[in-house]
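Heads up, model-v1.txt below (compact mmCIF, C-alpha atoms):
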```
# COMPACT_ATOMS: atom_id res chain seq x y z
CA MET A 19 0.00 0.00 0.00
CA GLU A 20 1.26 3.47 -0.87
CA PRO A 21 0.73 6.57 1.26
CA LEU A 22 -1.55 9.18 -0.31
CA SER A 23 0.25 12.16 -1.80
CA ARG A 24 -2.47 14.51 -0.53
CA ILE A 25 -5.42 14.18 1.81
CA THR A 26 -8.11 16.74 1.13
CA PRO A 27 -11.28 17.34 3.16
CA ALA A 28 -13.20 15.46 0.46
CA THR A 29 -10.81 12.50 0.86
CA LEU A 30 -11.45 12.53 4.61
CA ASP A 31 -15.21 12.48 4.00
CA VAL A 32 -14.93 9.52 1.64
CA LEU A 33 -12.70 7.63 4.07
CA ALA A 34 -15.16 8.32 6.89
CA VAL A 35 -18.12 7.00 4.88
CA LEU A 36 -16.24 3.83 3.95
CA LEU A 37 -15.17 3.32 7.58
CA ASP A 38 -18.67 3.89 8.96
CA SER A 39 -20.24 1.48 6.47
CA GLY A 40 -18.19 -1.41 7.86
CA GLY A 41 -18.23 -3.44 4.66
CA PRO A 42 -18.43 -3.33 0.86
CA THR A 43 -20.01 -0.02 -0.12
CA TRP A 44 -21.63 0.97 -3.37
CA GLY A 45 -19.88 3.94 -5.03
CA LEU A 46 -23.14 5.86 -5.26
CA ALA A 47 -23.67 5.38 -1.54
CA VAL A 48 -20.29 7.00 -0.94
CA ILE A 49 -21.37 9.99 -3.02
CA LYS A 50 -24.63 10.24 -1.09
CA GLY A 51 -23.03 9.66 2.33
CA SER A 52 -20.15 12.07 1.86
CA GLY A 53 -22.28 14.84 0.36
CA ARG A 54 -19.51 15.41 -2.15
CA PRO A 55 -20.12 15.65 -5.92
CA ALA A 56 -19.47 12.63 -8.11
CA GLY A 57 -16.71 14.61 -9.83
CA SER A 58 -14.79 14.59 -6.53
CA VAL A 59 -15.70 11.13 -5.26
CA TYR A 60 -14.94 9.09 -8.40
CA PRO A 61 -11.31 10.31 -8.65
CA ILE A 62 -10.79 9.83 -4.90
CA LEU A 63 -12.04 6.25 -5.06
CA GLU A 64 -9.78 5.59 -8.03
CA ARG A 65 -6.81 7.06 -6.17
CA LEU A 66 -7.54 5.00 -3.06
CA GLU A 67 -7.80 1.87 -5.19
CA ARG A 68 -4.64 2.62 -7.14
CA SER A 69 -2.74 3.20 -3.89
CA GLY A 70 -3.96 -0.08 -2.40
CA TRP A 71 -6.18 1.41 0.30
CA VAL A 72 -9.36 -0.12 -1.10
CA THR A 73 -10.35 -2.87 -3.45
CA SER A 74 -13.46 -2.99 -5.58
CA ALA A 75 -15.59 -5.73 -7.00
CA TRP A 76 -18.75 -6.16 -9.04
CA ALA A 77 -21.96 -6.79 -7.16
CA ASP A 78 -23.33 -10.28 -7.49
CA GLU A 79 -27.00 -9.44 -7.95
CA PRO A 80 -28.58 -11.77 -10.48
CA GLU A 81 -32.00 -10.28 -9.73
CA ARG A 82 -30.81 -6.92 -11.11
CA PRO A 83 -30.21 -7.23 -14.87
CA GLY A 84 -28.03 -4.87 -16.89
CA PRO A 85 -24.84 -3.12 -15.83
CA ARG A 86 -23.49 -4.16 -12.44
CA ARG A 87 -22.83 -1.96 -9.44
CA ARG A 88 -19.29 -1.55 -8.17
CA TYR A 89 -18.63 -2.01 -4.45
CA TYR A 90 -15.61 -0.65 -2.57
CA GLU A 91 -14.01 -2.10 0.55
CA PHE A 92 -10.90 -1.27 2.57
CA THR A 93 -7.90 -3.55 2.51
CA ASP A 94 -6.61 -4.45 5.98
CA ASP A 95 -3.76 -1.92 5.74
CA GLY A 96 -6.09 0.64 4.18
CA ALA A 97 -8.59 0.36 7.01
CA ARG A 98 -5.84 0.85 9.61
CA ALA A 99 -4.40 3.85 7.80
CA ALA A 100 -7.85 5.37 7.16
CA ARG A 101 -8.77 5.09 10.84
CA GLY A 102 -5.52 6.86 11.74
CA VAL A 103 -6.09 9.68 9.27
CA VAL A 104 -9.77 10.20 10.15
CA ASN A 105 -9.13 10.08 13.89
CA ALA A 106 -6.24 12.53 13.57
CA ALA A 107 -8.43 14.90 11.56
CA ARG A 108 -11.30 14.65 14.07
CA THR A 109 -8.93 15.26 16.98
CA ALA A 110 -7.44 18.28 15.23
CA ALA A 111 -10.94 19.63 14.55
CA VAL A 112 -11.98 19.22 18.20
CA SER A 113 -8.76 20.89 19.40
CA SER A 114 -9.20 23.87 17.12
CA ARG A 115 -12.84 24.22 18.25
CA ARG A 116 -11.68 24.28 21.89
CA VAL A 117 -9.08 26.90 21.10
CA ALA A 118 -11.72 28.99 19.35
CA LEU A 119 -14.09 28.74 22.32
CA SER A 120 -11.46 29.50 25.00
CA MET B 8 -11.03 7.41 -25.46
CA LEU B 9 -9.95 9.55 -22.52
CA LEU B 10 -9.59 6.46 -20.35
CA PRO B 11 -6.94 3.76 -20.69
CA ALA B 12 -8.21 0.76 -22.60
CA SER B 13 -7.65 -1.50 -19.59
CA GLY B 14 -10.18 0.41 -17.51
CA ARG B 15 -12.60 1.61 -20.14
CA GLU B 16 -15.10 -1.26 -19.96
CA ARG B 17 -15.04 -1.32 -16.18
CA TYR B 18 -15.85 2.36 -15.74
CA ARG B 19 -18.39 2.31 -18.55
CA GLU B 20 -20.39 -0.43 -16.83
CA GLN B 21 -19.94 1.14 -13.40
CA TRP B 22 -21.20 4.54 -14.54
CA LEU B 23 -24.11 3.03 -16.49
CA ALA B 24 -25.20 1.23 -13.33
CA ASP B 25 -24.80 4.41 -11.28
CA LEU B 26 -26.80 6.39 -13.83
CA ARG B 27 -29.57 3.81 -13.79
CA ASP B 28 -29.74 3.67 -9.99
CA ALA B 29 -29.05 7.35 -9.23
CA PRO B 30 -32.74 8.19 -8.55
CA GLU B 31 -32.94 5.25 -6.13
CA ALA B 32 -29.91 6.61 -4.23
CA GLY B 33 -31.25 10.17 -4.27
CA VAL B 34 -28.46 11.44 -6.52
CA ARG B 35 -29.11 13.50 -9.64
CA PRO B 36 -28.17 11.58 -12.85
CA ALA B 37 -26.63 14.81 -14.24
CA SER B 38 -24.23 14.79 -11.31
CA ILE B 39 -23.12 11.26 -12.25
CA ALA B 40 -22.62 12.23 -15.89
CA TRP B 41 -20.61 15.29 -14.92
CA GLY B 42 -18.58 13.22 -12.45
CA ALA B 43 -17.72 10.71 -15.15
CA VAL B 44 -16.52 13.51 -17.44
CA ALA B 45 -14.46 15.09 -14.65
CA PHE B 46 -12.99 11.70 -13.80
CA ALA B 47 -12.00 10.98 -17.40
CA LEU B 48 -10.41 14.40 -17.79
CA THR B 49 -8.53 14.61 -14.53
CA THR B 50 -7.59 11.16 -13.33
CA PRO B 51 -4.04 10.06 -14.11
CA HIS B 52 -3.89 7.12 -16.44
CA PRO B 53 -2.24 4.25 -14.61
CA TRP B 54 -0.46 2.96 -17.68
CA PRO B 55 2.85 1.28 -16.93
CA SER B 56 4.49 3.33 -19.68
CA HIS B 57 3.57 6.57 -17.94
CA PRO B 58 6.48 7.68 -15.81
CA ARG B 59 6.39 9.57 -12.54
CA LEU B 60 8.21 12.72 -13.58
CA GLY B 61 8.43 14.49 -10.27
CA GLU B 62 7.67 18.07 -9.29
CA PRO B 63 10.51 19.82 -11.24
CA ALA B 64 9.51 18.27 -14.59
CA ARG B 65 5.86 19.04 -14.03
CA ARG B 66 6.74 22.62 -13.12
CA VAL B 67 8.69 22.89 -16.38
CA ALA B 68 5.61 21.65 -18.25
CA PHE B 69 3.48 24.33 -16.61
CA GLY B 70 6.14 26.95 -17.34
CA LEU B 71 6.27 25.97 -21.02
CA ALA B 72 2.49 26.07 -21.36
CA PHE B 73 2.30 29.37 -19.52
CA ALA B 74 5.07 30.89 -21.63
CA SER B 75 3.31 29.73 -24.79
CA ALA B 76 0.00 31.30 -23.73
CA ALA B 77 1.62 34.51 -22.47
CA VAL B 78 3.64 34.96 -25.66
CA GLY B 79 0.44 34.40 -27.61
CA LEU B 80 -1.32 37.14 -25.67
CA THR B 81 1.54 39.56 -26.17
CA HIS B 82 1.12 39.08 -29.89
CA TYR B 83 -2.00 41.20 -29.70
CA PRO B 84 -0.41 44.60 -28.99
CA ALA B 85 2.12 43.78 -31.69
CA VAL B 86 -0.60 43.32 -34.29
CA GLU B 87 0.38 45.31 -37.30
CA PHE B 88 -1.53 48.55 -37.58
CA GLY B 89 0.05 51.60 -39.17
CA TRP B 90 2.96 51.70 -41.55
CA ALA B 91 6.12 49.87 -42.31
CA LEU B 92 9.41 51.57 -41.57
CA SER B 93 11.03 49.67 -44.38
CA SER B 94 10.80 46.36 -46.16
CA ALA B 95 13.72 45.14 -44.04
CA ALA B 96 11.76 45.93 -40.85
CA VAL B 97 8.74 44.09 -42.22
CA ALA B 98 10.91 41.09 -43.13
CA ALA B 99 12.58 41.11 -39.70
CA LYS B 100 9.25 41.34 -37.93
CA GLY B 101 7.86 38.51 -40.02
CA MET B 102 10.85 36.36 -39.17
CA VAL B 103 10.61 37.15 -35.44
CA ASP B 104 6.88 36.48 -35.41
CA GLY B 105 7.48 33.19 -37.21
CA LEU B 106 10.09 32.12 -34.67
CA VAL B 107 7.85 33.16 -31.77
CA LEU B 108 4.96 31.18 -33.25
CA LEU B 109 7.23 28.16 -33.69
CA PHE B 110 8.32 28.45 -30.04
CA GLN B 111 4.68 28.68 -28.98
CA ILE B 112 3.73 25.52 -30.86
CA VAL B 113 6.73 23.51 -29.67
CA ALA B 114 6.38 24.69 -26.05
CA GLY B 115 2.62 24.13 -25.98
CA VAL B 116 2.78 20.65 -27.49
CA ALA B 117 5.72 19.64 -25.27
CA ALA B 118 3.90 20.83 -22.15
CA VAL B 119 0.75 18.90 -23.04
CA VAL B 120 2.71 15.73 -23.83
CA ILE B 121 4.71 15.95 -20.60
CA VAL B 122 1.81 16.60 -18.28
CA THR B 123 -0.55 14.17 -20.00
CA GLY B 124 1.98 11.38 -19.82
CA ALA B 125 3.00 12.02 -16.22
CA GLN B 126 1.38 9.52 -13.93
CA ASP B 127 1.92 11.72 -10.90
CA ALA B 128 0.35 14.86 -12.37
CA GLY B 129 -2.75 15.94 -10.47
CA GLY B 130 -6.04 16.62 -12.20
CA ARG B 131 -6.03 20.36 -11.62
CA GLU B 132 -2.41 20.55 -12.70
CA ARG B 133 -3.14 18.68 -15.91
CA ALA B 134 -6.25 20.73 -16.65
CA SER B 135 -4.37 24.00 -16.13
CA VAL B 136 -1.73 23.02 -18.70
CA TRP B 137 -4.38 21.98 -21.21
CA LEU B 138 -6.20 25.30 -20.78
CA LEU B 139 -2.98 27.24 -21.26
CA ALA B 140 -2.19 25.28 -24.42
CA LEU B 141 -5.66 26.08 -25.69
CA ALA B 142 -5.16 29.77 -24.84
CA SER B 143 -1.92 29.84 -26.78
CA ALA B 144 -3.85 29.19 -29.99
CA ALA B 145 -5.34 32.73 -30.03
CA PRO B 146 -2.75 34.12 -32.48
CA LEU B 147 -3.55 31.28 -34.85
CA VAL B 148 -7.15 32.51 -35.02
CA ALA B 149 -5.87 35.97 -35.90
CA ALA B 150 -3.33 34.60 -38.35
CA SER B 151 -5.94 32.50 -40.11
CA GLY B 152 -7.44 35.66 -41.58
CA ALA B 153 -10.93 34.70 -40.46
CA GLY B 154 -10.51 36.90 -37.43
CA ASN B 155 -9.93 40.12 -39.35
CA PRO B 156 -12.72 40.74 -41.83
CA ASP B 157 -12.13 43.52 -44.27
CA PRO B 158 -13.49 46.15 -43.98
CA TYR B 159 -13.61 46.27 -40.14
CA PRO B 160 -17.23 46.89 -39.11
CA ASP B 161 -16.16 47.04 -35.46
CA PRO B 162 -12.58 46.11 -34.59
CA TYR B 163 -13.47 45.45 -30.95
CA ALA B 164 -15.98 42.78 -31.90
CA ALA B 165 -13.83 41.08 -34.55
CA PRO B 166 -13.43 37.33 -33.97
CA ALA B 167 -9.69 37.78 -33.51
CA ASN B 168 -10.29 40.20 -30.63
CA LEU B 169 -12.74 37.83 -29.02
CA ALA B 170 -10.22 35.01 -29.39
CA TYR B 171 -7.70 37.03 -27.38
CA VAL B 172 -10.27 37.86 -24.71
CA ALA B 173 -11.21 34.17 -24.48
CA ALA B 174 -7.51 33.28 -24.28
CA ALA B 175 -6.99 35.75 -21.44
CA ALA B 176 -9.96 34.22 -19.61
CA LEU B 177 -8.51 30.72 -20.08
CA VAL B 178 -5.19 31.90 -18.65
CA VAL B 179 -6.94 33.27 -15.57
CA VAL B 180 -8.86 30.00 -15.07
CA ALA B 181 -5.62 28.02 -15.48
CA LEU B 182 -3.88 30.18 -12.87
CA VAL B 183 -6.73 29.70 -10.44
CA LEU B 184 -6.59 25.92 -10.99
CA ARG B 185 -2.84 25.93 -10.46
CA ARG B 186 -3.05 28.17 -7.40
CA THR B 187 -0.58 27.10 -4.73
CA ARG B 188 0.54 28.61 -1.51
CA ALA B 189 3.98 30.09 -1.98
CA GLN B 190 6.65 29.28 0.51
CA GLY B 191 10.05 30.71 1.01
CA ALA B 192 12.23 32.90 3.13
CA ARG B 193 11.89 36.63 3.01
CA ALA B 194 15.16 36.96 1.07
CA ASP B 195 13.85 34.59 -1.61
CA ARG B 196 10.63 36.55 -1.94
CA ARG B 197 12.58 39.79 -2.21
CA ARG B 198 14.75 38.32 -4.99
CA VAL B 199 11.71 37.18 -6.97
CA ALA B 200 10.07 40.55 -6.36
CA LEU B 201 13.11 42.39 -7.69
CA VAL B 202 13.36 40.16 -10.77
CA THR B 203 9.70 40.73 -11.52
CA ALA B 204 9.89 44.47 -10.97
CA GLY B 205 13.01 44.72 -13.14
CA LEU B 206 11.49 42.78 -16.01
CA GLY B 207 8.28 44.77 -15.69
CA ALA B 208 10.24 48.00 -15.94
CA VAL B 209 12.03 46.74 -19.06
CA ALA B 210 8.68 45.88 -20.62
CA VAL B 211 7.29 49.33 -19.85
CA VAL B 212 10.32 51.12 -21.27
CA ALA B 213 10.51 48.95 -24.38
CA TYR B 214 6.80 49.22 -25.11
CA GLY B 215 6.96 52.93 -24.41
CA LEU B 216 9.82 53.50 -26.82
CA ALA B 217 8.26 51.30 -29.49
CA ALA B 218 4.91 53.03 -29.19
CA SER B 219 6.00 56.65 -28.78
CA ILE B 220 8.83 56.65 -31.34
CA TRP B 221 8.07 54.03 -33.92
CA PHE B 222 4.29 54.14 -33.97
CA SER B 223 3.82 57.86 -34.22
CA ARG B 224 7.11 59.67 -34.83
CA ALA B 225 9.23 57.49 -37.07
CA PRO B 226 9.68 58.75 -40.60
CA LEU B 227 6.95 57.47 -42.84
CA VAL B 228 8.43 54.93 -45.21
CA THR B 229 6.13 52.40 -46.79
CA ASP B 230 7.24 49.22 -48.46
CA PHE B 231 4.90 49.84 -51.34
CA PRO B 232 4.58 52.88 -53.61
CA VAL B 233 2.05 55.55 -52.64
CA GLY B 234 1.30 58.90 -54.20
CA SER B 235 2.63 62.05 -52.56
CA GLU B 236 -0.90 63.36 -51.88
CA PHE B 237 -1.93 60.14 -50.12
CA HIS B 238 1.39 60.22 -48.26
CA ALA B 239 0.65 63.75 -46.97
CA GLU B 240 -2.88 62.78 -45.90
CA TRP B 241 -1.54 59.88 -43.84
CA LEU B 242 1.04 62.11 -42.18
CA ALA B 243 -1.61 64.69 -41.29
CA MET B 244 -3.83 61.99 -39.87
CA THR B 245 -1.01 60.70 -37.69
CA THR B 246 -0.31 64.06 -36.11
CA SER B 247 -4.03 64.66 -35.55
CA PHE B 248 -4.34 61.93 -32.94
CA GLU B 249 -0.76 61.84 -31.69
CA ALA B 250 -1.66 63.59 -28.43
CA HIS B 251 -4.38 61.06 -27.61
CA VAL B 252 -1.95 58.20 -28.20
CA ASP B 253 0.61 59.83 -25.94
CA GLY B 254 -2.04 60.25 -23.26
CA VAL B 255 -3.04 56.59 -23.36
CA LEU B 256 0.60 55.55 -23.30
CA ILE B 257 1.58 57.79 -20.38
CA VAL B 258 -1.38 56.79 -18.22
CA SER B 259 -0.86 53.08 -18.97
CA ALA B 260 2.84 53.27 -18.24
CA LEU B 261 2.41 55.24 -15.00
CA VAL B 262 -0.25 52.91 -13.65
CA ALA B 263 1.74 49.84 -14.72
CA VAL B 264 4.95 51.08 -13.09
CA GLY B 265 3.02 51.94 -9.94
CA ILE B 266 1.47 48.49 -9.72
CA VAL B 267 4.74 46.70 -10.45
CA ALA B 268 6.48 48.78 -7.77
CA ALA B 269 3.69 48.11 -5.27
CA ALA B 270 3.82 44.41 -6.11
CA ALA B 271 7.57 44.38 -5.50
CA ILE B 272 7.16 46.05 -2.09
CA VAL B 273 4.27 43.82 -1.07
CA GLY B 274 6.00 40.71 -2.39
CA ALA B 275 9.11 41.36 -0.32
CA ARG B 276 7.10 41.70 2.89
CA ARG B 277 4.17 39.35 2.63
CA PRO B 278 3.64 35.74 1.54
CA ALA B 279 4.11 35.74 -2.18
CA ALA B 280 0.55 34.79 -3.14
CA GLU B 281 -0.72 38.38 -3.02
CA PHE B 282 2.43 39.55 -4.73
CA ARG B 283 1.96 37.14 -7.60
CA VAL B 284 -1.61 38.25 -8.10
CA ALA B 285 -0.58 41.91 -8.10
CA ALA B 286 2.38 41.40 -10.42
CA THR B 287 0.30 39.30 -12.80
CA GLY B 288 -2.27 42.05 -12.86
CA ALA B 289 0.48 44.52 -13.70
CA GLY B 290 1.63 42.33 -16.58
CA PHE B 291 -1.84 42.12 -18.05
CA LEU B 292 -2.40 45.82 -17.51
CA LEU B 293 0.76 46.53 -19.46
CA LEU B 294 -0.42 44.22 -22.17
CA PHE B 295 -3.85 45.74 -22.52
CA GLY B 296 -2.59 49.29 -22.19
CA CYS B 297 -0.54 48.70 -25.30
CA LEU B 298 -3.45 46.84 -26.82
CA THR B 299 -5.58 49.96 -26.42
CA LEU B 300 -2.88 51.92 -28.19
CA SER B 301 -2.87 49.53 -31.12
CA GLN B 302 -6.63 49.52 -31.26
CA TYR B 303 -6.61 53.30 -31.35
CA PHE B 304 -4.59 53.14 -34.51
CA ALA B 305 -6.89 50.49 -35.91
CA LEU B 306 -9.89 52.73 -35.38
CA ALA B 307 -8.22 55.91 -36.53
CA LEU B 308 -6.75 54.60 -39.72
CA PRO B 309 -9.02 54.04 -42.67
CA GLN B 310 -6.87 51.19 -43.90
CA PRO B 311 -4.64 49.09 -41.66
CA GLY B 312 -1.22 48.75 -43.17
CA LEU B 313 1.57 46.25 -42.81
CA ALA B 314 3.58 47.18 -39.77
CA GLY B 315 4.24 50.08 -37.50
CA ALA B 316 6.65 48.73 -34.96
CA SER B 317 10.29 48.21 -34.27
CA PRO B 318 10.65 44.43 -34.30
CA ILE B 319 13.59 44.49 -31.87
CA LEU B 320 11.88 46.69 -29.29
CA LEU B 321 8.58 44.90 -29.52
CA THR B 322 10.25 41.50 -29.22
CA ALA B 323 12.22 42.72 -26.19
CA ALA B 324 9.05 44.12 -24.67
CA ARG B 325 7.12 40.90 -25.26
CA LEU B 326 9.90 38.76 -23.78
CA ALA B 327 10.20 41.05 -20.75
CA LEU B 328 6.45 41.03 -20.24
CA VAL B 329 6.29 37.26 -20.43
CA GLY B 330 9.29 37.09 -18.06
CA THR B 331 7.49 39.40 -15.64
CA VAL B 332 4.42 37.25 -15.49
CA ILE B 333 6.37 33.98 -15.36
CA ALA B 334 8.56 35.30 -12.55
CA ALA B 335 5.44 36.37 -10.73
CA VAL B 336 3.46 33.19 -11.20
CA VAL B 337 5.74 30.23 -11.82
CA ILE B 338 8.85 30.86 -9.74
CA ARG B 339 8.22 29.61 -6.25
CA ARG B 340 9.73 27.48 -3.58
CA PRO B 341 8.85 23.79 -3.49
CA ALA B 342 5.73 23.09 -1.47
CA PRO B 343 6.30 21.62 2.00
CA ALA B 344 6.13 17.85 2.39
CA VAL B 345 2.57 16.67 2.73
CA ARG B 346 1.60 15.06 6.03
CA THR B 347 1.58 11.51 4.81
CA SER B 348 4.06 9.98 7.21
CA ILE B 349 1.29 9.13 9.66
CA VAL B 350 -0.22 6.71 7.17
CA ALA B 351 2.94 4.94 6.10
```

Mind turning this structure into structure tokens?
Amino acid sequence: MEPLSRITPATLDVLAVLLDSGGPTWGLAVIKGSGRPAGSVYPILERLERSGWVTSAWADEPERPGPRRRYYEFTDDGARAARGVVNAARTAAVSSRRVALS
Amino acid sequence: MLLPASGRERYREQWLADLRDAPEAGVRPASIAWGAVAFALTTPHPWPSHPRLGEPARRVAFGLAFASAAVGLTHYPAVEFGWALSSAAVAAKGMVDGLVLLFQIVAGVAAVVIVTGAQDAGGRERASVWLLALASAAPLVAASGAGNPDPYPDPYAAPANLAYVAAAALVVVALVLRRTRAQGARADRRRVALVTAGLGAVAVVAYGLAASIWFSRAPLVTDFPVGSEFHAEWLAMTTSFEAHVDGVLIVSALVAVGIVAAAAIVGARRPAAEFRVAATGAGFLLLFGCLTLSQYFALALPQPGLAGASPILLTAARLALVGTVIAAVVIRRPAPAVRTSIVA
């Protein structure tokens, strides 16, 4: 797995949605859950996959004919790294809020 | 075709499924379509043959594209309105313009090839280079002849003029896409500020000399035979609007020098982002100040002629202007290392 060259707020949102889902997640659900536009989410998912943070697979849904949905899931290393990044970002956000309130 | 063949079928099926099921997920189908286009345009192609070029090479690509677009824009104030000093001057100007156009094409194509083939180029970085390459084509529109209908019904609305305005807009969009936070010690910022201010001053002086001496006061020598009566009419016409031209030139030059000086002072004291914006503005102000001058001639003259400029001075001015803007926009310290160590 490669480290990400940049971690934007949109990347953090995507990572958080994938972590919270706890399993294979449909790409469209990531768009919906993160509140980010598809133009941001698609490239982020591709970058995460290319860097080995997530893997993707076709849905096995014989009852749904036509094109198949793509589901994304963290690799073991990716899940660990994502938790670290998201937790660090949340801690930093809480700290800055405390500083602002004090 | 914008996606690598290895991934084309996969993304096609994925996006078709997303489009079909978007209403079920509460997402607008238009958003999916737009996302697919953005993805295809901005995502690096993970082809094995695509090298990771590193930051310096990618910065060179941006510099080449930016130089190509900036040189293209500076072609506008050098558009030939007025008279030729001599056939030799016309020939020299034609040769210089040809070489500049060749540089533009080579630089633009090289920049696009480099940044498109670089696996590590970001989407915004790639898009900014493409936009600059597109902007650099403005002189080609003018050169094609389609942009300058004869007679001019309204020179400001001619397609060639609009092409330059569109090119300037593309350059602005590309700069916004490329926007980065400048880093560097105060001494570095001061050095860049001085380089920019110096080049800006050279551009002002060179444009000023070219415009005030060659445009309006050089001896009238045409490279084609004209009658003495017609010759006298042209001379009289020149002197009739000379004062207006001087006024435009003086105001443009004073404002431009003031902005460049202010940019240099600000750039030496503050983070360079504001400085770059100010200095870039000064460069474009210089450009369009001279553009106004040229347009004045275009409106005042009943028949645009071949050339009215000193090729050496105008070339020096264009190079200095491009140098000013490049120094202001492209030269910067490398960005700090991104915080990725925590995820290693």

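Taking all atoms listed in the file into account, chain B lies nearest to A:Ala56 out of the set A:Leu33, A:Ile49, A:Ala56, A:Ile62.
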
Pick from B:Thr123, B:Thr81, B:Leu184, B:Leu108, whichever lies nearest to Ala323 (chain B) using all atoms listed in the file: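 The answer is B:Thr81, which sits nearest to Ala323 (chain B).
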
Determine which residues of chain A sit within 6 Å of chain B, taking into account only C-alpha atoms, and present them as number ranges by chain. A: 21, 56-57, 61, 85-88, 99

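Every protein, DNA or RNA residue with an atom at most 9 Å from Ala47 (chain A), where only C-alpha atoms count and chain neighbours fewer than 4 positions away do not, is listed here: Val35, Thr43, Gly51 and Ser52 of chain A; Ala32 of chain B.
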
Could you work out how far CA of Ala128 (chain B) lies from CA of Asp31 (chain A), giving the answer in Å with one decimal?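 CA of Ala128 (chain B) lies 22.7 Å from CA of Asp31 (chain A).
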
Atom pair CA of Glu67 (chain A) / CA of Val32 (chain A): separation (Å): 12.5 Å

Restricting the calculation to only C-alpha atoms, which member of A:Thr29, A:Leu37, A:Asp78, A:Gly84 is positioned closest to Val59 (chain A)?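 Looking at the shortest contact to Val59 (chain A), the residue is A:Thr29.
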
Between CA of Leu206 (chain B) and CA of Gln111 (chain B) - distance in Å to one decimal: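 Straight-line distance from CA of Gln111 (chain B) to CA of Leu206 (chain B) works out to 20.3 Å.
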
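Of the residues listed (B:Arg66, B:Phe73, B:Pro30, B:Val329), B:Val329 shows the shortest atom-to-atom separation from Ala210 (chain B); distances use all atoms listed in the file.
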
Considering all atoms listed in the file, can you say which of A:Val104, A:Trp71, A:Pro27, A:Trp76 comes closest to Arg54 (chain A)? A:Pro27
